[in-house]
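So the structure is just underneath, and the comments pick up after that.
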Amino acid sequence: MATIEQLQLLKDGYWEVPWKGKGMEQINDNYYKGFEGEPEIQFICRKGETSEIFVIWEGYFDQIMRLIKPDDDGWKGLAYYYHLCLGWYEESPWVVQDLHTALKQFESIDNEMISGKAAEVLKILCNLFKDAIRYRFEIYINRE
């Protein structure tokens with residue numbers, strides 16, 4: 001199991017700087033700036049008392065989620081909650097139960113179908129979920 005010092009925090013779209021100390025909260029809102037007053041989605045990575053918050057404009061999240069395709073049995077994972085307006089729409093913050101499925105869904109998106117800031121957000125989300133799985137921390141989604 002990873003220590004807090006081994007966990008990485010989001011900086012300029014990449015996981016580069018180790019978390020240190022307890023009770024710290026780091027916020028990256030680079031992908032919400034300019035959209036103040038509009039709905040936002042927060043991805044809260046939590047390990048003990050330490051948290052990292054990645055804040056994005058809901059429009060970027062919508063672009064990404066619309067590109068996830070249902071499988072033969074219908075919607076699964078995050079796409080299920082998104083398309084039925086459940087989870088973080090009903091209760092925030094909402095814990096992501098299946099990080100592996102969420103990561104697979106994000107990775108399944110055809111890069112040809114997404115560009116600009118939404119593509120950057122997708123890359124960050126993939127890295128965020130990979131590290132959450134690797135270092136065993138929780139991810140919550142909060143909609144404001």
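Ordering of the structure tokens sets the chain letters (A, B, ...); residue numbers start at 1 within each chain; ligands are numbered from 1 in the order shown.
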- Message: When DSSP is applied to the backbone of this structure, which of chain A are assigned alpha helix (DSSP H)? Write them out as a PyMOL selection string.
- Response: chain A and resi 58-66+77-83+99-107+116-135
What are the closest atom pairs, with distances in Å to one decimal, for all residues of region 22-69 of chain A lying within 10 Å of region 87-96 of chain A? Consider only C-alpha atoms, order rows by chain and residue number, and present the result as a Markdown table.
```
| residue | atom | partner | partner_atom | distance |
| --- | --- | --- | --- | --- |
| A:Ile41 | CA | A:Trp88 | CA | 9.2 |
| A:Gln42 | CA | A:Pro93 | CA | 8.6 |
| A:Phe43 | CA | A:Pro93 | CA | 9.0 |
| A:Ile44 | CA | A:Pro93 | CA | 8.3 |
| A:Cys45 | CA | A:Val95 | CA | 9.8 |
```
- Message: Env of region 53-55 of chain A: 10 Å cut, atoms = only C-alpha atoms, seq-sep filter 6 positions within chain, self excluded. Answer as a PyMOL selection string.
- Response: chain A and resi 9-11+13+25-33+40-46+121+124-125+128+139-143
What would the file look like if the residues just selected were written as a PDB file, in the first residue's frame with N, CA and C atoms?
```pdb
ATOM      1  N   LEU A   9      -0.032  14.435  -6.786  1.00  0.00           N
ATOM      2  CA  LEU A   9      -1.141  15.378  -6.918  1.00  0.00           C
ATOM      3  C   LEU A   9      -1.144  16.016  -8.292  1.00  0.00           C
ATOM      4  N   LEU A  10      -2.296  16.460  -8.662  1.00  0.00           N
ATOM      5  CA  LEU A  10      -2.498  17.005  -9.994  1.00  0.00           C
ATOM      6  C   LEU A  10      -1.900  18.403 -10.083  1.00  0.00           C
ATOM      7  N   LYS A  11      -1.016  18.594 -11.058  1.00  0.00           N
ATOM      8  CA  LYS A  11      -0.410  19.902 -11.250  1.00  0.00           C
ATOM      9  C   LYS A  11      -0.277  20.128 -12.740  1.00  0.00           C
ATOM     10  N   GLY A  13      -2.221  19.462 -15.071  1.00  0.00           N
ATOM     11  CA  GLY A  13      -2.695  18.366 -15.890  1.00  0.00           C
ATOM     12  C   GLY A  13      -1.903  17.079 -15.778  1.00  0.00           C
ATOM     13  N   GLU A  25      -5.402  20.045   1.469  1.00  0.00           N
ATOM     14  CA  GLU A  25      -6.357  20.006   0.370  1.00  0.00           C
ATOM     15  C   GLU A  25      -5.768  20.816  -0.770  1.00  0.00           C
ATOM     16  N   GLN A  26      -5.563  20.169  -1.899  1.00  0.00           N
ATOM     17  CA  GLN A  26      -5.033  20.824  -3.086  1.00  0.00           C
ATOM     18  C   GLN A  26      -6.158  20.915  -4.111  1.00  0.00           C
ATOM     19  N   ILE A  27      -6.320  22.075  -4.732  1.00  0.00           N
ATOM     20  CA  ILE A  27      -7.397  22.276  -5.694  1.00  0.00           C
ATOM     21  C   ILE A  27      -6.819  22.715  -7.031  1.00  0.00           C
ATOM     22  N   ASN A  28      -7.207  22.023  -8.094  1.00  0.00           N
ATOM     23  CA  ASN A  28      -6.847  22.414  -9.451  1.00  0.00           C
ATOM     24  C   ASN A  28      -8.142  22.789 -10.146  1.00  0.00           C
ATOM     25  N   ASP A  29      -8.331  24.087 -10.412  1.00  0.00           N
ATOM     26  CA  ASP A  29      -9.552  24.541 -11.091  1.00  0.00           C
ATOM     27  C   ASP A  29      -9.239  25.165 -12.450  1.00  0.00           C
ATOM     28  N   ASN A  30      -8.117  24.767 -13.044  1.00  0.00           N
ATOM     29  CA  ASN A  30      -7.718  25.314 -14.341  1.00  0.00           C
ATOM     30  C   ASN A  30      -8.757  25.077 -15.432  1.00  0.00           C
ATOM     31  N   TYR A  31      -9.545  24.019 -15.302  1.00  0.00           N
ATOM     32  CA  TYR A  31     -10.530  23.691 -16.330  1.00  0.00           C
ATOM     33  C   TYR A  31     -11.939  24.137 -15.936  1.00  0.00           C
ATOM     34  N   TYR A  32     -11.995  25.061 -14.988  1.00  0.00           N
ATOM     35  CA  TYR A  32     -13.261  25.702 -14.630  1.00  0.00           C
ATOM     36  C   TYR A  32     -13.165  27.216 -14.794  1.00  0.00           C
ATOM     37  N   LYS A  33     -11.960  27.732 -14.783  1.00  0.00           N
ATOM     38  CA  LYS A  33     -11.767  29.181 -14.919  1.00  0.00           C
ATOM     39  C   LYS A  33     -12.417  29.680 -16.202  1.00  0.00           C
ATOM     40  N   GLU A  40     -20.385  23.012 -12.120  1.00  0.00           N
ATOM     41  CA  GLU A  40     -19.051  22.428 -12.089  1.00  0.00           C
ATOM     42  C   GLU A  40     -19.127  21.010 -11.564  1.00  0.00           C
ATOM     43  N   ILE A  41     -18.162  20.214 -11.967  1.00  0.00           N
ATOM     44  CA  ILE A  41     -17.996  18.853 -11.464  1.00  0.00           C
ATOM     45  C   ILE A  41     -16.650  18.822 -10.758  1.00  0.00           C
ATOM     46  N   GLN A  42     -16.650  18.290  -9.550  1.00  0.00           N
ATOM     47  CA  GLN A  42     -15.418  18.150  -8.777  1.00  0.00           C
ATOM     48  C   GLN A  42     -15.098  16.675  -8.625  1.00  0.00           C
ATOM     49  N   PHE A  43     -13.889  16.295  -8.954  1.00  0.00           N
ATOM     50  CA  PHE A  43     -13.387  14.951  -8.681  1.00  0.00           C
ATOM     51  C   PHE A  43     -12.508  15.074  -7.447  1.00  0.00           C
ATOM     52  N   ILE A  44     -12.944  14.453  -6.364  1.00  0.00           N
ATOM     53  CA  ILE A  44     -12.250  14.565  -5.090  1.00  0.00           C
ATOM     54  C   ILE A  44     -11.535  13.252  -4.815  1.00  0.00           C
ATOM     55  N   CYS A  45     -10.215  13.295  -4.795  1.00  0.00           N
ATOM     56  CA  CYS A  45      -9.407  12.114  -4.486  1.00  0.00           C
ATOM     57  C   CYS A  45      -9.041  12.197  -3.014  1.00  0.00           C
ATOM     58  N   ARG A  46      -9.385  11.159  -2.282  1.00  0.00           N
ATOM     59  CA  ARG A  46      -9.202  11.224  -0.835  1.00  0.00           C
ATOM     60  C   ARG A  46      -8.432  10.017  -0.334  1.00  0.00           C
ATOM     61  N   VAL A 121      -8.873  17.294 -20.363  1.00  0.00           N
ATOM     62  CA  VAL A 121      -9.579  16.831 -19.170  1.00  0.00           C
ATOM     63  C   VAL A 121      -9.645  15.306 -19.164  1.00  0.00           C
ATOM     64  N   ILE A 124      -6.362  13.823 -18.092  1.00  0.00           N
ATOM     65  CA  ILE A 124      -6.164  14.000 -16.661  1.00  0.00           C
ATOM     66  C   ILE A 124      -7.018  12.993 -15.884  1.00  0.00           C
ATOM     67  N   LEU A 125      -8.271  12.826 -16.309  1.00  0.00           N
ATOM     68  CA  LEU A 125      -9.149  11.877 -15.615  1.00  0.00           C
ATOM     69  C   LEU A 125      -8.592  10.456 -15.695  1.00  0.00           C
ATOM     70  N   LEU A 128      -5.782  10.271 -13.242  1.00  0.00           N
ATOM     71  CA  LEU A 128      -6.343  10.350 -11.901  1.00  0.00           C
ATOM     72  C   LEU A 128      -6.883   8.988 -11.465  1.00  0.00           C
ATOM     73  N   ILE A 139     -12.255   8.057  -4.957  1.00  0.00           N
ATOM     74  CA  ILE A 139     -12.643   9.199  -5.763  1.00  0.00           C
ATOM     75  C   ILE A 139     -14.134   9.459  -5.521  1.00  0.00           C
ATOM     76  N   TYR A 140     -14.433  10.705  -5.232  1.00  0.00           N
ATOM     77  CA  TYR A 140     -15.808  11.157  -5.079  1.00  0.00           C
ATOM     78  C   TYR A 140     -16.095  12.138  -6.208  1.00  0.00           C
ATOM     79  N   ILE A 141     -17.365  12.181  -6.619  1.00  0.00           N
ATOM     80  CA  ILE A 141     -17.792  13.186  -7.578  1.00  0.00           C
ATOM     81  C   ILE A 141     -18.780  14.100  -6.873  1.00  0.00           C
ATOM     82  N   ASN A 142     -18.539  15.386  -7.004  1.00  0.00           N
ATOM     83  CA  ASN A 142     -19.404  16.400  -6.414  1.00  0.00           C
ATOM     84  C   ASN A 142     -19.868  17.331  -7.530  1.00  0.00           C
ATOM     85  N   ARG A 143     -21.173  17.580  -7.600  1.00  0.00           N
ATOM     86  CA  ARG A 143     -21.709  18.492  -8.609  1.00  0.00           C
ATOM     87  C   ARG A 143     -22.198  19.736  -7.911  1.00  0.00           C
TER      88      ARG A 143
END
```
- Task: Figure out the distance between CA of Tyr81 (chain A) and CA of Ile64 (chain A), please, to one decimal in Å.
- Result: 13.9 Å
Write out as a Markdown table the residues of region 23-74 of chain A that have any atom within 12 Å of an atom of region 106-118 of chain A, one row each with the nearest atom pair and its distance in Å to one decimal, counting only C-alpha atoms, sorted by chain and then rising number.
```
| residue | atom | partner | partner_atom | distance |
| --- | --- | --- | --- | --- |
| A:Asn30 | CA | A:Lys117 | CA | 10.1 |
| A:Tyr31 | CA | A:Lys117 | CA | 7.5 |
| A:Tyr32 | CA | A:Lys117 | CA | 10.4 |
| A:Lys33 | CA | A:Lys117 | CA | 11.8 |
| A:Ile56 | CA | A:Ala118 | CA | 9.5 |
| A:Trp57 | CA | A:Ala118 | CA | 9.6 |
| A:Glu58 | CA | A:Ala118 | CA | 10.4 |
| A:Gly59 | CA | A:Ala118 | CA | 8.6 |
| A:Tyr60 | CA | A:Ala118 | CA | 5.0 |
| A:Phe61 | CA | A:Ala118 | CA | 7.5 |
| A:Asp62 | CA | A:Ala118 | CA | 9.3 |
| A:Gln63 | CA | A:Ala118 | CA | 6.9 |
| A:Ile64 | CA | A:Ala118 | CA | 6.9 |
| A:Met65 | CA | A:Phe106 | CA | 8.2 |
| A:Arg66 | CA | A:Ile109 | CA | 9.6 |
| A:Leu67 | CA | A:Ile109 | CA | 6.1 |
| A:Ile68 | CA | A:Ile109 | CA | 6.1 |
| A:Lys69 | CA | A:Ile109 | CA | 8.4 |
| A:Pro70 | CA | A:Ser108 | CA | 10.9 |
| A:Asp71 | CA | A:Ser108 | CA | 11.3 |
```
- Determine the nearest neighbour of Leu99 (chain A) from the options A:Pro39, A:Trp75, A:Gly48, A:Tyr135, counting only C-alpha atoms.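 For Leu99 (chain A), the nearest of the candidates is A:Tyr135.
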- So how many Å separate CA of Phe137 (chain A) and CA of Leu86 (chain A), to one decimal?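 If I compute the distance from CA of Phe137 (chain A) to CA of Leu86 (chain A), I get 22.5 Å.
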- Task: Run DSSP on the backbone and grab whatever in region 32-100 of chain A lands in strand (DSSP E); send it over as a PyMOL selection string.
- Result: chain A and resi 40-47+50-57+94-95
